[in-house]
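A.B. asks: So that we are looking at the same thing, I have put the structure below in structure tokens.
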Amino acid sequence: MAASAGPALSREEVDRALARLGAERDAVESALLSLQDHPGLRLLDGAGLTGRTQERWSVVGQGLPLLWALFDRYSEALASARAVRARKARPGGPELAELSELLTGDAVTVPGGAPDGPQRLGAPARLVERVSLDELMERMNSWYATVLEVVSAADAVWTALPARIDLLIAELRRVQTLAASLGVRSGTHPLGDDLEALDADLEGLRTEVRADPLALWRPARVPAQRGAVPDGGAPGLPSGVVDTERFDRAGRALDGVRQELENLLRLRDDAEERLQGVGDLLQRADATLAEARRARGEVLAKIAATEVPAVPGPASALRERIVLALDLRQNGQWYRLAPLLDALEDAAAKELARARQSLTEVTQPLAVRAELRGRLDAYKAMAARLRVAEDPEVLERYEKARWLLWSAPCDLRAAAGAVARFQQALRPAPGEPGAGAGAAEPGGSGYSGTGYGGTGYSGAGYAAAGYGGAVQDGIERDGIERDGIGRGGAAAGGEPTDGQAVDGRVQGG
């Protein structure tokens with residue numbers, strides 16, 4: 001039996017109820033028409049679905065036909081109530097009782113097999129049942145929200161991903177063409193394997209998007225949660241987001257592969273110039289080592305009691321690797337050439353640095369001798385200014401230091417001591433300003449020590465401004481500056497130079 005409608009409605013309550021129910025009916029009709037034309041619904045009806053989408057649509061797909069059937073029952077019941085209201089302008093008690101029953105009672109018969117809402121799918125169905133217009137509206141709202149959610153979610157995935165996947169696959173094809181031109185292929189290079197894996201992943205993703213879009217949908221609420229018919233009957237936006245992580249990951253991976261291939265492409269264009277640069281570095285290193293070997297012989301001949309380090313030979317193994325690099329370039333194996341060329345450039349730079357260091361170490365005694373010669377000349381000029389150049393002691397110490405510095409082989413330790421003693425002998429002449437003061441020093445600074453000890457040379461400790469000099473890519477000979485060696489020790493004021501005789505002894509530079 002139908003449930004009682006309760007107290008009878010007044011005429012004004014009946015009119016307000018009819019107006020409200022009529023507006024709800026129009027809203028439902030507009031919403032159903034919009035849902036029927038939804039592109040997602042047409043795609044779901046025509047697609048070969050699989051997985052989660054097939055499972056949900058096999059149930060939710062019944063919703064639209066059921067909604068139209070319920071809407072027809074709703075419209076018929078509302079039309080019956082309007083017909084009763086139209087009998088009289090001022091309905092009496094019997095009419096108001098009948099209208100109350102139609103509007104608020106369980107006066108609508110719906111067909112069996114329609115459980116109470118989609119949340120009860122699978123429950124035992126009844127043949128027929130009677131519900132009120134409000135209950136029927138609630139049931140339609142529930143079905144509508146469920147169908148719209150599935151349709152909108154599928155449409156959101158189909159809108160967001162297929163076109164982007166196709167563009168990414170087209171870009172993948174371009175990158176694969178570039179890889180083939182560089183000799184990068186699957187099975188021979190990791191980048192080729194990465195491209196093959198990306199191709200399979202994107203093809204699988206495109207197939208999944210077409211057949212199972214709901215697998216890539218992340219709802220923001222429970223799928224079966226009830227909702228209301230949108231105002232104006234327009235379908236609402238889906239409540240959730242499309243899962244694009246797999247697509248984004250493939251895009252990032254393809255970008256990484258493309259960048260590495262572009263690096264190989266630049267290598268192909270620059271390989272000849274870079275290999276030439278490696279060859280130039282090795283030529284400079286060989287020239288520096290040859291200079292170091294010549295300098296070592298000169299040091300052994302001109303400097304006494306000095307341990308001169310041996311000069312290393314050329315890097316033959318490095319040249320063999322250059323031959324391999326040239327072969328790889330000739331055969332277009334750029335992916336193998338890239339790491340080899342980087343290593344060659346680094347090794348060639350280190351080889352040049354090693355050659356320069358060897359030259360510096362070998363010629364260091366000559367630099368010390370040049371510095372001592374320069375200091376001796378400076379002290380001689382100072383002796384002249386102090387008017388003690390003719391002093392027997394000063395003259396004797398000067399001649400001793402000069403003889404030691406211009407003799408061959410030169411004893412650096414003895415020469416350094418002689419220069420220091422000559423400097424200590426410089427005193428202003430009696431009656432000159434500063435007479436009685438300590439030993440003079442150019443610039444007002446005292447001699448700070450020889451910095452030379454032991455049998456072999458252990459390093460210079462000379463700090464006189466303007467004298468001495470760093471050794472780089474060359475050696476000093478005859479007091480002449482060459483390849484970066486500072487000028488020092490040149491004979492001044494008629495002093496003997498290398499190769500001249502001093503006190504009957506052959507002097508060497």
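A note on labels: chains of the structure tokens are A, B, ... as shown, every chain counts residues from 1, and ligands are counted from 1 in their shown order.
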At a cut-off of 12 Å, using only C-alpha atoms, what residues contact Ala180 in chain A? Leave out same-chain residues fewer than 3 positions from it and give the result as a list of chain:residue names.

C.D. replies: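 In the requested format, the answer is A:Arg173, A:Arg174, A:Val175, A:Gln176, A:Thr177, A:Gly183, A:Val184, A:Arg185, A:Ser186, A:Thr188, A:His189, A:Leu191, A:Gly192, A:Leu195, A:Leu261, A:Leu264, A:Leu265, A:Gly332, A:Gln333, A:Trp334, A:Tyr335.
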
A.B. asks: Set the distance at 8 Å and use only C-alpha atoms: which residues neighbour range 69-78 of chain A once local chain neighbours fewer than 5 positions away are removed? I'd like the list as a list in words.

C.D. replies: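 After dropping sequence-adjacent residues, the list is Leu18, Leu21, Gly22, Arg25, Val28, Glu29, Leu102, Leu103, Ala107, Val108, Thr109, Val110, Leu133, Leu136, Met137 and Met140 of chain A.
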
A.B. asks: What's the separation between CA of Ala355 in chain A and CA of Gln276 in chain A, in Å to one decimal place?

C.D. replies: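 Distance between the two atoms: 19.3 Å.
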
A.B. asks: If you count only C-alpha atoms, which residues fall within 6 Å of range 148-151 of chain A, apart from same-chain ones fewer than 4 positions away, as a VMD selection string?

C.D. replies: chain A and resid 40 to 41 144

A.B. asks: Please provide as an mmCIF file with all heavy atoms, in the first residue's frame all residues within 10 Å of Leu9 in chain A, with the sequence filter that same-chain residues fewer than 5 positions apart are discarded (counting only C-alpha atoms).

C.D. replies:
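Okay, this is what ended up in selection.cif:
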data_model
loop_
_atom_site.group_PDB
_atom_site.id
_atom_site.type_symbol
_atom_site.label_atom_id
_atom_site.label_comp_id
_atom_site.auth_asym_id
_atom_site.auth_seq_id
_atom_site.Cartn_x
_atom_site.Cartn_y
_atom_site.Cartn_z
ATOM 1 N N VAL A 14 -0.270 23.892 -2.564
ATOM 2 C CA VAL A 14 -0.341 23.082 -3.784
ATOM 3 C C VAL A 14 0.270 23.837 -4.953
ATOM 4 O O VAL A 14 1.059 23.298 -5.741
ATOM 5 C CB VAL A 14 -1.788 22.684 -4.079
ATOM 6 C CG1 VAL A 14 -1.911 22.109 -5.499
ATOM 7 C CG2 VAL A 14 -2.285 21.655 -3.077
ATOM 8 N N ASP A 15 -0.088 25.124 -5.090
ATOM 9 C CA ASP A 15 0.437 25.897 -6.210
ATOM 10 C C ASP A 15 1.958 26.049 -6.113
ATOM 11 O O ASP A 15 2.676 25.957 -7.124
ATOM 12 C CB ASP A 15 -0.226 27.281 -6.234
ATOM 13 C CG ASP A 15 -1.707 27.185 -6.626
ATOM 14 O OD1 ASP A 15 -2.096 26.139 -7.211
ATOM 15 O OD2 ASP A 15 -2.473 28.122 -6.353
ATOM 16 N N ALA A 17 4.028 23.961 -4.613
ATOM 17 C CA ALA A 17 4.622 22.649 -4.881
ATOM 18 C C ALA A 17 4.641 22.341 -6.372
ATOM 19 O O ALA A 17 5.638 21.836 -6.913
ATOM 20 C CB ALA A 17 3.868 21.554 -4.124
ATOM 21 N N GLY A 93 -12.087 20.445 -0.764
ATOM 22 C CA GLY A 93 -11.406 19.474 0.073
ATOM 23 C C GLY A 93 -11.023 18.211 -0.653
ATOM 24 O O GLY A 93 -9.871 17.750 -0.514
ATOM 25 N N LEU A 96 -8.068 18.928 -2.969
ATOM 26 C CA LEU A 96 -6.839 19.192 -2.231
ATOM 27 C C LEU A 96 -6.254 17.906 -1.645
ATOM 28 O O LEU A 96 -5.019 17.717 -1.610
ATOM 29 C CB LEU A 96 -7.080 20.216 -1.123
ATOM 30 C CG LEU A 96 -7.373 21.655 -1.588
ATOM 31 C CD1 LEU A 96 -7.710 22.538 -0.395
ATOM 32 C CD2 LEU A 96 -6.183 22.222 -2.352
ATOM 33 N N ALA A 97 -7.166 17.007 -1.188
ATOM 34 C CA ALA A 97 -6.677 15.726 -0.660
ATOM 35 C C ALA A 97 -6.011 14.903 -1.745
ATOM 36 O O ALA A 97 -4.954 14.279 -1.549
ATOM 37 C CB ALA A 97 -7.848 14.964 -0.024
ATOM 38 N N GLU A 98 -6.649 14.908 -2.953
ATOM 39 C CA GLU A 98 -6.070 14.149 -4.062
ATOM 40 C C GLU A 98 -4.727 14.747 -4.492
ATOM 41 O O GLU A 98 -3.761 14.022 -4.771
ATOM 42 C CB GLU A 98 -7.046 14.146 -5.240
ATOM 43 C CG GLU A 98 -6.578 13.298 -6.411
ATOM 44 C CD GLU A 98 -7.595 13.247 -7.546
ATOM 45 O OE1 GLU A 98 -8.682 13.850 -7.415
ATOM 46 O OE2 GLU A 98 -7.288 12.596 -8.573
ATOM 47 N N LEU A 99 -4.679 16.104 -4.538
ATOM 48 C CA LEU A 99 -3.435 16.757 -4.911
ATOM 49 C C LEU A 99 -2.332 16.502 -3.879
ATOM 50 O O LEU A 99 -1.151 16.308 -4.221
ATOM 51 C CB LEU A 99 -3.647 18.265 -5.063
ATOM 52 C CG LEU A 99 -4.390 18.695 -6.337
ATOM 53 C CD1 LEU A 99 -4.776 20.162 -6.268
ATOM 54 C CD2 LEU A 99 -3.531 18.419 -7.571
ATOM 55 N N SER A 100 -2.685 16.491 -2.616
ATOM 56 C CA SER A 100 -1.695 16.214 -1.575
ATOM 57 C C SER A 100 -1.109 14.820 -1.743
ATOM 58 O O SER A 100 0.095 14.590 -1.563
ATOM 59 C CB SER A 100 -2.311 16.377 -0.186
ATOM 60 O OG SER A 100 -2.759 17.705 0.004
ATOM 61 N N GLU A 101 -1.989 13.879 -2.081
ATOM 62 C CA GLU A 101 -1.526 12.512 -2.298
ATOM 63 C C GLU A 101 -0.599 12.429 -3.497
ATOM 64 O O GLU A 101 0.451 11.777 -3.465
ATOM 65 C CB GLU A 101 -2.715 11.586 -2.502
ATOM 66 C CG GLU A 101 -2.354 10.135 -2.799
ATOM 67 C CD GLU A 101 -1.641 9.466 -1.635
ATOM 68 O OE1 GLU A 101 -1.788 9.915 -0.478
ATOM 69 O OE2 GLU A 101 -0.890 8.492 -1.892
ATOM 70 N N LEU A 103 1.206 14.863 -4.846
ATOM 71 C CA LEU A 103 2.422 15.675 -4.732
ATOM 72 C C LEU A 103 3.361 15.214 -3.630
ATOM 73 O O LEU A 103 4.582 15.384 -3.739
ATOM 74 C CB LEU A 103 2.068 17.137 -4.516
ATOM 75 C CG LEU A 103 1.327 17.819 -5.673
ATOM 76 C CD1 LEU A 103 0.934 19.226 -5.294
ATOM 77 C CD2 LEU A 103 2.177 17.824 -6.938
ATOM 78 N N THR A 104 2.829 14.662 -2.551
ATOM 79 C CA THR A 104 3.698 14.302 -1.423
ATOM 80 C C THR A 104 3.642 12.828 -1.067
ATOM 81 O O THR A 104 4.519 12.346 -0.339
ATOM 82 C CB THR A 104 3.320 15.117 -0.183
ATOM 83 O OG1 THR A 104 1.955 14.821 0.186
ATOM 84 C CG2 THR A 104 3.441 16.618 -0.459
#

A.B. asks: Select, from A:Glu135, A:His38, A:Asp45, A:Asn141, the residue with the minimum atom-to-atom distance to Leu66 in chain A, counting only C-alpha atoms.

C.D. replies: A:Asn141

A.B. asks: I'd like a table as JSON lines: residues in range 296-357 of chain A with an atom no more than 7 Å from range 403-426 of chain A, each row giving the shortest atom pair and its distance in Å to one decimal, only C-alpha atoms counted, sorted by chain and rising residue number.

C.D. replies:
{"residue": "A:Ala301", "atom": "CA", "partner": "A:Pro409", "partner_atom": "CA", "distance": 6.1}
{"residue": "A:Lys302", "atom": "CA", "partner": "A:Pro409", "partner_atom": "CA", "distance": 4.2}
{"residue": "A:Ile303", "atom": "CA", "partner": "A:Cys410", "partner_atom": "CA", "distance": 4.6}
{"residue": "A:Ala304", "atom": "CA", "partner": "A:Asp411", "partner_atom": "CA", "distance": 5.0}
{"residue": "A:Ala305", "atom": "CA", "partner": "A:Asp411", "partner_atom": "CA", "distance": 6.8}

A.B. asks: Here is a test: counting only C-alpha atoms, which residue of A:Ala353, A:Ala200, A:Val241, A:Leu216 is nearest to Leu282 in chain A?

C.D. replies: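 Closest residue, counting only C-alpha atoms: A:Ala353.
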
A.B. asks: I need the residues in range 191-289 of chain A that are strand (DSSP E or B) according to DSSP; give them as a VMD selection string.

C.D. replies: chain A and resid 217 to 219 240 to 242

A.B. asks: Write a file of the selected residues as a PDB file, in the first residue's frame, keeping N, CA and C atoms.

C.D. replies:
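Written file, result19.pdb:
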ATOM      1  N   TRP A 217      42.625   8.136 -14.303  1.00  0.00           N
ATOM      2  CA  TRP A 217      41.827   9.172 -13.647  1.00  0.00           C
ATOM      3  C   TRP A 217      41.940   9.016 -12.137  1.00  0.00           C
ATOM      4  N   ARG A 218      42.198  10.120 -11.466  1.00  0.00           N
ATOM      5  CA  ARG A 218      42.299  10.115 -10.014  1.00  0.00           C
ATOM      6  C   ARG A 218      41.171  10.962  -9.443  1.00  0.00           C
ATOM      7  N   PRO A 219      40.050  10.315  -9.015  1.00  0.00           N
ATOM      8  CA  PRO A 219      38.893  11.079  -8.528  1.00  0.00           C
ATOM      9  C   PRO A 219      39.201  11.764  -7.205  1.00  0.00           C
ATOM     10  N   GLY A 240      38.264  15.639 -10.063  1.00  0.00           N
ATOM     11  CA  GLY A 240      39.453  14.796 -10.033  1.00  0.00           C
ATOM     12  C   GLY A 240      40.492  15.341 -10.989  1.00  0.00           C
ATOM     13  N   VAL A 241      41.575  14.584 -11.184  1.00  0.00           N
ATOM     14  CA  VAL A 241      42.663  15.013 -12.071  1.00  0.00           C
ATOM     15  C   VAL A 241      43.099  13.835 -12.936  1.00  0.00           C
ATOM     16  N   VAL A 242      43.648  14.171 -14.098  1.00  0.00           N
ATOM     17  CA  VAL A 242      44.197  13.160 -14.996  1.00  0.00           C
ATOM     18  C   VAL A 242      45.626  12.846 -14.542  1.00  0.00           C
TER      19      VAL A 242
END

A.B. asks: Running DSSP on the backbone, which parts of range 134-297 of chain A land in helix (DSSP H, G or I), as a PyMOL selection string?

C.D. replies: chain A and resi 134-160+162-181+190-211+213-216+231-233+245-297

A.B. asks: Between CA of Glu399 in chain A and CA of Met382 in chain A, what is the distance, to one decimal in Å?

C.D. replies: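 Interatomic distance, CA of Glu399 in chain A to CA of Met382 in chain A: 15.3 Å.
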